[in-house]
Amino acid sequence: MIAQRLGLRAAPRFAAQIRAPVQRRLASSTPAKATENAFVKEREEVKHHAHQTTDLWRKISIYAVVPAMILAGLNAYNLWNEHWEHWSHLPPLEERTQYPYQNIRTKNFTWGDGDKTLFWNDSVNYNKKD
């Protein structure tokens, strides 16, 4: 009786396994008519457009942005050198005129000697004390 029950339970599974290769239709193996669906066509067009756009921006990044960054770096380097070349022709900091609007101090700073700002640079900034 137990063997008969097991045989009856297993029979549909064995039959399904035999029929499965014939009857199974996966989403990826659809008939030709289903691939002509408007939605599927639209999705394929979107994928194709995305691929083309990605390729375009990759080319722009490599062939336009990288050379532009190199040129910008060279320009910045040249401007930096021209700036310090100009500074070398100026009189020393001690001999320059200090105007009344420069280095106004209403109270001392809380750091250092209280006279220099937080971003003070001794090679560029000078404060004549009267």
# chains A, B, ... in the order shown; residues from 1 in each chain; ligands from 1

call {"tool": "residues_around", "arguments": {"residues": "Val124 in chain A", "least_positions_apart": "6", "cutoff": "12 Å", "atoms": "only C-alpha atoms", "output": "ChimeraX atom specification"}}
result
/A:84,87-88,90-94,96

call {"tool": "select_by_dssp", "arguments": {"residues": "range 8-118 of chain A", "states": "helix (DSSP H, G or I)", "output": "ChimeraX atom specification"}}
result
/A:8-23,32-35,38-88,93-95

call {"tool": "residues_around", "arguments": {"residues": "Asn127 in chain A", "least_positions_apart": "6", "cutoff": "9 Å", "atoms": "only C-alpha atoms", "output": "ChimeraX atom specification"}}
result
/A:93-94,98,102-103,115-116

call {"tool": "write_last_selection", "arguments": {"atoms": "N, CA, C and O atoms", "output": "PDB file, in the first residue's frame"}}
result
ATOM      1  N   LEU A  93      59.581  94.769   0.001  1.00  0.00           N
ATOM      2  CA  LEU A  93      58.363  95.036   0.767  1.00  0.00           C
ATOM      3  C   LEU A  93      58.518  96.235   1.698  1.00  0.00           C
ATOM      4  O   LEU A  93      57.583  97.021   1.883  1.00  0.00           O
ATOM      5  N   GLU A  94      59.683  96.406   2.297  1.00  0.00           N
ATOM      6  CA  GLU A  94      59.902  97.484   3.253  1.00  0.00           C
ATOM      7  C   GLU A  94      59.848  98.858   2.596  1.00  0.00           C
ATOM      8  O   GLU A  94      59.551  99.862   3.236  1.00  0.00           O
ATOM      9  N   GLN A  98      52.683 102.207   2.038  1.00  0.00           N
ATOM     10  CA  GLN A  98      51.553 101.593   2.737  1.00  0.00           C
ATOM     11  C   GLN A  98      50.455 102.641   2.861  1.00  0.00           C
ATOM     12  O   GLN A  98      50.629 103.678   3.483  1.00  0.00           O
ATOM     13  N   GLN A 102      45.198  99.860   4.109  1.00  0.00           N
ATOM     14  CA  GLN A 102      45.842  98.553   4.218  1.00  0.00           C
ATOM     15  C   GLN A 102      46.119  98.215   5.681  1.00  0.00           C
ATOM     16  O   GLN A 102      46.514  99.085   6.467  1.00  0.00           O
ATOM     17  N   ASN A 103      45.932  96.962   6.019  1.00  0.00           N
ATOM     18  CA  ASN A 103      46.263  96.427   7.348  1.00  0.00           C
ATOM     19  C   ASN A 103      45.582  97.194   8.478  1.00  0.00           C
ATOM     20  O   ASN A 103      46.209  97.572   9.465  1.00  0.00           O
ATOM     21  N   ASP A 115      49.187  90.783  15.211  1.00  0.00           N
ATOM     22  CA  ASP A 115      49.236  91.738  14.110  1.00  0.00           C
ATOM     23  C   ASP A 115      49.036  91.065  12.757  1.00  0.00           C
ATOM     24  O   ASP A 115      48.628  91.722  11.801  1.00  0.00           O
ATOM     25  N   LYS A 116      49.314  89.790  12.673  1.00  0.00           N
ATOM     26  CA  LYS A 116      49.260  89.094  11.371  1.00  0.00           C
ATOM     27  C   LYS A 116      47.964  88.299  11.243  1.00  0.00           C
ATOM     28  O   LYS A 116      47.530  87.655  12.189  1.00  0.00           O
TER      29      LYS A 116
END

call {"tool": "atom_distance", "arguments": {"atom1": "CA of His48 in chain A", "atom2": "CA of Tyr63 in chain A"}}
result
22.4 Å

call {"tool": "atom_distance", "arguments": {"atom1": "CA of Gly114 in chain A", "atom2": "CA of Lys128 in chain A"}}
result
14.2 Å
